[in-house]
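**Student:** First the structure, then my questions, so here it is.
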Amino acid sequence: MRAGVYLRISRDQLGDELGVDRQRQDADRLVTARGWQLVDHYVDNDISAAGKVRRPRFEALMQDVEGGRLDVVVGWTLDRICRTARDRLRLLELGRERGLVISLVRGSDMDLSTPAGRLAADILGAAAQHEIDVKGDRQRRAAEQAAALGKAPSGPRAFGFTLDRSALVPVEAAAIRDAYRAVLAGATLAGIARQWNGSGLRSSRHAATEPPRWSAETVKVLLLKARNAGLREHRDQEVGPARWPAIVPEETYRAAAALLTDPNRRQSTPVGRYLLSGVARCGVCNQPVQAGSRRGTYHSYRCRSLGHVARRGDVVDDLVSKVVIARLSRPDARDLLVDHQLPDVEVLREKAQALRTRLDALATEFAEGELTASQLRIATERLRTNLAAAEREIADAGRVDVLGDLVSAGDVAEAWAAIDTDRQRAVVGALMSVTLMPVGRGSRRFDPASVRIEPLT
Ligand SMILES: [Zn+2]
């Protein structure tokens, strides 16, 4: 019989009086007395345990048992071999599979190849499983309670916040705020990621094998976090206001989230570099035009499928820009922002919160037997519909961000020139439809009438 001796030094009370030498001598004596062949000592040191405890030799022991290199595991007690209930369960399950003998200096042998030994292992295993369940249950309750109180969850630091979220990290919070605004104005996630990487911002969470650089995907995940709007989530469900400061108002967050989760958003299609790429349409087939290759100093727009129309881009861009500036400079430009019944966001927010609370209460009532399953389902569906409507209204209020800056600017032309093409394109899309009409062959002069610009109502 080949025996492996497992020894563990720890700071617990037993460990103080039980030096590793004493453990080793007693275990070795047991191996000799039984006439077993000693294969190896496996020694772990728990004393430096700060945070996560790693026990490489316990893992090596498990591997040797699994690989059939050991028939017997010798230790002081079962608790000395296995630090946690989870380890205990692992050893017993593996031992059962392999017909292992577990031999304890303080305790009896457990021969897992016999029915009596397996029964003992089952009982110890069930006890270990129970311990794991109770602990898990306790942790789950604690997490639920923390969530209901709006406390910060434990775990790694969230980008934009200090570790305990009692404060914002100014540079990161400002970047997040700009990103929401940019997304609402039509910027791409990849563009935001590029900009963040360029300005030296680093993700606080990333795979160990990768540099903490931002990608379109990680920016999206970040912007979809309700915590940025001061909302606490638990298991991917919003549970109410958080105790930490918000980076953006709830309406901005909802508007961006609605946009980012819209299945019609063509994130994979690269948006062109020019003002009207994908925005202006062909006057023949009504498909969006594409910016064609640059010839000399100007780009062109052409019908992407059948080549119905082709037009000098710079001239069309210039015309459309002038129309936009003229429209936004008019005294009634403010009317464009949102409907006159601008929703009262505070009231909407309270309404949404009340609905969320009611949803929670329903689950409790059901658990306590005050509701039947079908009553619960009907009531939940109705509340969820109302909640979705309220959240949509809050999101609509956030769309002001697309045009707001331009309308309130003293000099619209100057403000227009200052924003990037992504945002300009979003403004055009919000204000008007642009259609490029075909012109006769050989027509050299630009005819403004061949660009049909219609305001969106
Ligand atoms: Zn066409």
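Residues in the structure tokens are named by chain (A, B, ... in the order shown) and by number from 1 within that chain; ligands are numbered from 1 in the order shown.
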Which residues are near ligand 1 in this structure, taking near to mean any atom at most 8 Å from a ligand atom and counting only C-alpha atoms and all ligand atoms? Format them as a PDB file with C-alpha atoms, in the first residue's frame.
**Tutor:**
ATOM      1  CA  ARG A 281     -30.622  57.924 -49.094  1.00  0.00           C
ATOM      2  CA  CYS A 282     -30.650  57.150 -52.780  1.00  0.00           C
ATOM      3  CA  GLY A 283     -33.538  58.914 -54.549  1.00  0.00           C
ATOM      4  CA  VAL A 284     -34.198  55.871 -56.741  1.00  0.00           C
ATOM      5  CA  CYS A 285     -34.064  52.849 -54.453  1.00  0.00           C
ATOM      6  CA  ASN A 286     -34.208  54.616 -51.051  1.00  0.00           C
ATOM      7  CA  GLN A 287     -31.148  52.714 -49.734  1.00  0.00           C
ATOM      8  CA  VAL A 289     -25.723  55.934 -49.609  1.00  0.00           C
ATOM      9  CA  CYS A 303     -25.864  54.454 -54.053  1.00  0.00           C
ATOM     10  CA  ARG A 304     -24.445  51.375 -52.418  1.00  0.00           C
ATOM     11  CA  SER A 305     -26.354  48.738 -54.343  1.00  0.00           C
ATOM     12  CA  LEU A 306     -27.017  49.813 -57.901  1.00  0.00           C
ATOM     13  CA  GLY A 307     -25.105  53.009 -58.408  1.00  0.00           C
ATOM     14  CA  HIS A 308     -28.220  55.069 -59.092  1.00  0.00           C
ATOM     15  CA  VAL A 309     -26.673  58.252 -57.779  1.00  0.00           C
TER      16      VAL A 309
END
**Student:** Taking the DSSP assignment computed from this structure's backbone, write out as number ranges by chain all residues of segment 118-171 of chain A that belong to alpha helix (DSSP H).
**Tutor:** A: 118-148, 170-171
**Student:** In terms of the shortest atom-to-atom distance over only C-alpha atoms, which of A:Arg57, A:Ala413, A:Ala127, A:Ile102 is closest to Leu89 of chain A?
**Tutor:**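 Once distances to Leu89 of chain A are computed over only C-alpha atoms, the minimum belongs to A:Ala127.
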**Student:** Hey, can you check how far atom CA of Ala255 of chain A sits from atom CA of Arg177 of chain A?
**Tutor:**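 A separation of 13.1 Å between them.
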**Student:** Need the shell around Ile453 of chain A: protein/DNA/RNA residues with any atom at most 7 Å away, counting only C-alpha atoms. Skip same-chain ones fewer than 6 positions apart. Format as a list in words?
**Tutor:**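 So, after excluding close chain neighbours, the residues are Met432, Ser433, Val434 and Thr435 of chain A.
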**Student:** Give me the residues within 12 Å of Ala60 of chain A as a list in words, counting only C-alpha atoms and dropping any in the same chain fewer than 2 places off.
**Tutor:**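 The residues satisfying every condition are Gly4, Val5, Tyr6, Asp40, His41, Tyr42, Val43, Asp44, Arg54, Arg55, Pro56, Arg57, Phe58, Met62, Gln63, Asp64, Val65, Glu66, Gly67, Arg69 and Leu70 of chain A.
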**Student:** For Asp71 of chain A, work out the shell of residues within 8 Å, counting only C-alpha atoms and skipping chain neighbours fewer than 6 positions away, then give it as a list in words.
**Tutor:**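 Here the qualifying residues turn out to be Met1, Arg2, Ala3, Val65, Gly99, Leu100 and Val101 of chain A.
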**Student:** Which residues come within 9 Å of Val320 of chain A, counting only C-alpha atoms, excluding same-chain residues fewer than 4 positions away, as a PyMOL selection string?
**Tutor:** chain A and resi 276+315-316+324-325+428+434+451+453
**Student:** Export all heavy atoms of the chosen residues as a PDB file, in the first residue's frame?
**Tutor:**
ATOM      1  N   LEU A 276     -22.732  62.306 -44.112  1.00  0.00           N
ATOM      2  CA  LEU A 276     -23.991  61.706 -44.555  1.00  0.00           C
ATOM      3  C   LEU A 276     -23.907  60.212 -44.850  1.00  0.00           C
ATOM      4  O   LEU A 276     -24.855  59.613 -45.348  1.00  0.00           O
ATOM      5  CB  LEU A 276     -24.507  62.457 -45.800  1.00  0.00           C
ATOM      6  CG  LEU A 276     -24.779  63.943 -45.552  1.00  0.00           C
ATOM      7  CD1 LEU A 276     -25.131  64.654 -46.848  1.00  0.00           C
ATOM      8  CD2 LEU A 276     -25.888  64.133 -44.521  1.00  0.00           C
ATOM      9  N   VAL A 315     -19.630  69.157 -51.333  1.00  0.00           N
ATOM     10  CA  VAL A 315     -20.647  70.153 -51.668  1.00  0.00           C
ATOM     11  C   VAL A 315     -21.960  69.829 -50.951  1.00  0.00           C
ATOM     12  O   VAL A 315     -22.621  70.700 -50.391  1.00  0.00           O
ATOM     13  CB  VAL A 315     -20.870  70.194 -53.194  1.00  0.00           C
ATOM     14  CG1 VAL A 315     -21.840  71.311 -53.554  1.00  0.00           C
ATOM     15  CG2 VAL A 315     -19.545  70.392 -53.921  1.00  0.00           C
ATOM     16  N   VAL A 316     -22.328  68.546 -50.956  1.00  0.00           N
ATOM     17  CA  VAL A 316     -23.577  68.139 -50.295  1.00  0.00           C
ATOM     18  C   VAL A 316     -23.464  68.376 -48.788  1.00  0.00           C
ATOM     19  O   VAL A 316     -24.384  68.896 -48.158  1.00  0.00           O
ATOM     20  CB  VAL A 316     -23.892  66.657 -50.591  1.00  0.00           C
ATOM     21  CG1 VAL A 316     -25.206  66.258 -49.935  1.00  0.00           C
ATOM     22  CG2 VAL A 316     -23.939  66.400 -52.089  1.00  0.00           C
ATOM     23  N   VAL A 324     -28.824  72.837 -41.458  1.00  0.00           N
ATOM     24  CA  VAL A 324     -28.889  72.503 -40.028  1.00  0.00           C
ATOM     25  C   VAL A 324     -28.668  73.755 -39.179  1.00  0.00           C
ATOM     26  O   VAL A 324     -29.435  74.049 -38.259  1.00  0.00           O
ATOM     27  CB  VAL A 324     -27.825  71.437 -39.653  1.00  0.00           C
ATOM     28  CG1 VAL A 324     -27.713  71.302 -38.138  1.00  0.00           C
ATOM     29  CG2 VAL A 324     -28.177  70.088 -40.268  1.00  0.00           C
ATOM     30  N   ILE A 325     -27.630  74.509 -39.536  1.00  0.00           N
ATOM     31  CA  ILE A 325     -27.301  75.696 -38.741  1.00  0.00           C
ATOM     32  C   ILE A 325     -28.455  76.702 -38.780  1.00  0.00           C
ATOM     33  O   ILE A 325     -28.851  77.264 -37.763  1.00  0.00           O
ATOM     34  CB  ILE A 325     -25.989  76.336 -39.253  1.00  0.00           C
ATOM     35  CG1 ILE A 325     -24.816  75.401 -38.936  1.00  0.00           C
ATOM     36  CG2 ILE A 325     -25.762  77.703 -38.620  1.00  0.00           C
ATOM     37  CD1 ILE A 325     -23.557  75.701 -39.711  1.00  0.00           C
ATOM     38  N   VAL A 428     -28.101  65.507 -37.738  1.00  0.00           N
ATOM     39  CA  VAL A 428     -28.771  65.474 -39.040  1.00  0.00           C
ATOM     40  C   VAL A 428     -29.891  64.433 -39.016  1.00  0.00           C
ATOM     41  O   VAL A 428     -31.024  64.690 -39.413  1.00  0.00           O
ATOM     42  CB  VAL A 428     -27.764  65.151 -40.177  1.00  0.00           C
ATOM     43  CG1 VAL A 428     -28.508  64.930 -41.499  1.00  0.00           C
ATOM     44  CG2 VAL A 428     -26.759  66.277 -40.326  1.00  0.00           C
ATOM     45  N   VAL A 434     -32.409  63.250 -45.739  1.00  0.00           N
ATOM     46  CA  VAL A 434     -31.683  63.780 -46.893  1.00  0.00           C
ATOM     47  C   VAL A 434     -31.723  62.736 -48.000  1.00  0.00           C
ATOM     48  O   VAL A 434     -31.375  61.577 -47.758  1.00  0.00           O
ATOM     49  CB  VAL A 434     -30.217  64.097 -46.530  1.00  0.00           C
ATOM     50  CG1 VAL A 434     -29.468  64.631 -47.739  1.00  0.00           C
ATOM     51  CG2 VAL A 434     -30.147  65.076 -45.356  1.00  0.00           C
ATOM     52  N   VAL A 451     -30.675  67.739 -54.126  1.00  0.00           N
ATOM     53  CA  VAL A 451     -30.579  67.205 -52.762  1.00  0.00           C
ATOM     54  C   VAL A 451     -31.875  67.553 -52.051  1.00  0.00           C
ATOM     55  O   VAL A 451     -32.171  68.726 -51.825  1.00  0.00           O
ATOM     56  CB  VAL A 451     -29.378  67.816 -51.999  1.00  0.00           C
ATOM     57  CG1 VAL A 451     -29.320  67.261 -50.588  1.00  0.00           C
ATOM     58  CG2 VAL A 451     -28.087  67.545 -52.736  1.00  0.00           C
ATOM     59  N   ILE A 453     -34.105  67.840 -48.984  1.00  0.00           N
ATOM     60  CA  ILE A 453     -33.997  67.860 -47.525  1.00  0.00           C
ATOM     61  C   ILE A 453     -35.376  68.085 -46.929  1.00  0.00           C
ATOM     62  O   ILE A 453     -36.018  69.099 -47.229  1.00  0.00           O
ATOM     63  CB  ILE A 453     -33.033  68.977 -47.059  1.00  0.00           C
ATOM     64  CG1 ILE A 453     -31.634  68.716 -47.641  1.00  0.00           C
ATOM     65  CG2 ILE A 453     -32.981  69.060 -45.544  1.00  0.00           C
ATOM     66  CD1 ILE A 453     -30.644  69.818 -47.367  1.00  0.00           C
TER      67      ILE A 453
END
**Student:** Can you list, as an MDAnalysis selection string, every protein, DNA or RNA residue that comes within 8 Å of segment 235-252 of chain A when you count only C-alpha atoms, leaving out same-chain residues fewer than 2 positions away?
**Tutor:** chainID A and resid 147:152 160 165:168 173 176:177 180:181 226:233 254:256 345 353 356:357 394:399
**Student:** Between atom CA of Ala190 of chain A and atom CA of Asp405 of chain A, what is the spacing in Å?
**Tutor:**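 If I compute the distance from atom CA of Asp405 of chain A to atom CA of Ala190 of chain A, I get 23.2 Å.
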**Student:** So, counting only C-alpha atoms, which residue among A:Leu371, A:Val427, A:Leu362, A:Ala175 is closest to Ser321 of chain A?
**Tutor:**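 Residue with the minimum atom-to-atom distance to Ser321 of chain A: A:Val427.
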**Student:** My list of candidates is A:Val219, A:Leu260, A:Ala280, A:Leu436. Which is closest to Asn197 of chain A when distances are computed with only C-alpha atoms?
**Tutor:**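 Once distances to Asn197 of chain A are computed over only C-alpha atoms, the minimum belongs to A:Val219.
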**Student:** List every residue of segment 171-289 of chain A that DSSP, applied to the backbone of this structure, places in strand (DSSP E or B), and write the result as a ChimeraX atom specification.
**Tutor:** /A:231-234,237-241,281-282,288-289
**Student:** Here is a test: counting only C-alpha atoms, which residue of A:Leu61, A:Leu387, A:Cys82, A:Leu104 is nearest to Glu350 of chain A?
**Tutor:**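 Under the stated criterion, the closest residue is A:Leu387.
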**Student:** Quick one: pull the distance between atom CA of Ala363 of chain A and atom CA of Glu144 of chain A, Å, one decimal.
**Tutor:** 13.8 Å
**Student:** Of the residues A:Asp360, A:Asp133, A:Asp332, A:Asp26, which is the one nearest to Arg384 of chain A, using only C-alpha atoms?
**Tutor:**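 Result for the nearest residue to Arg384 of chain A: A:Asp360.
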**Student:** My list of candidates is A:Gly95, A:Met437, A:Pro288, A:Ala182. Which is closest to Ile419 of chain A when distances are computed with only C-alpha atoms?
**Tutor:** A:Ala182
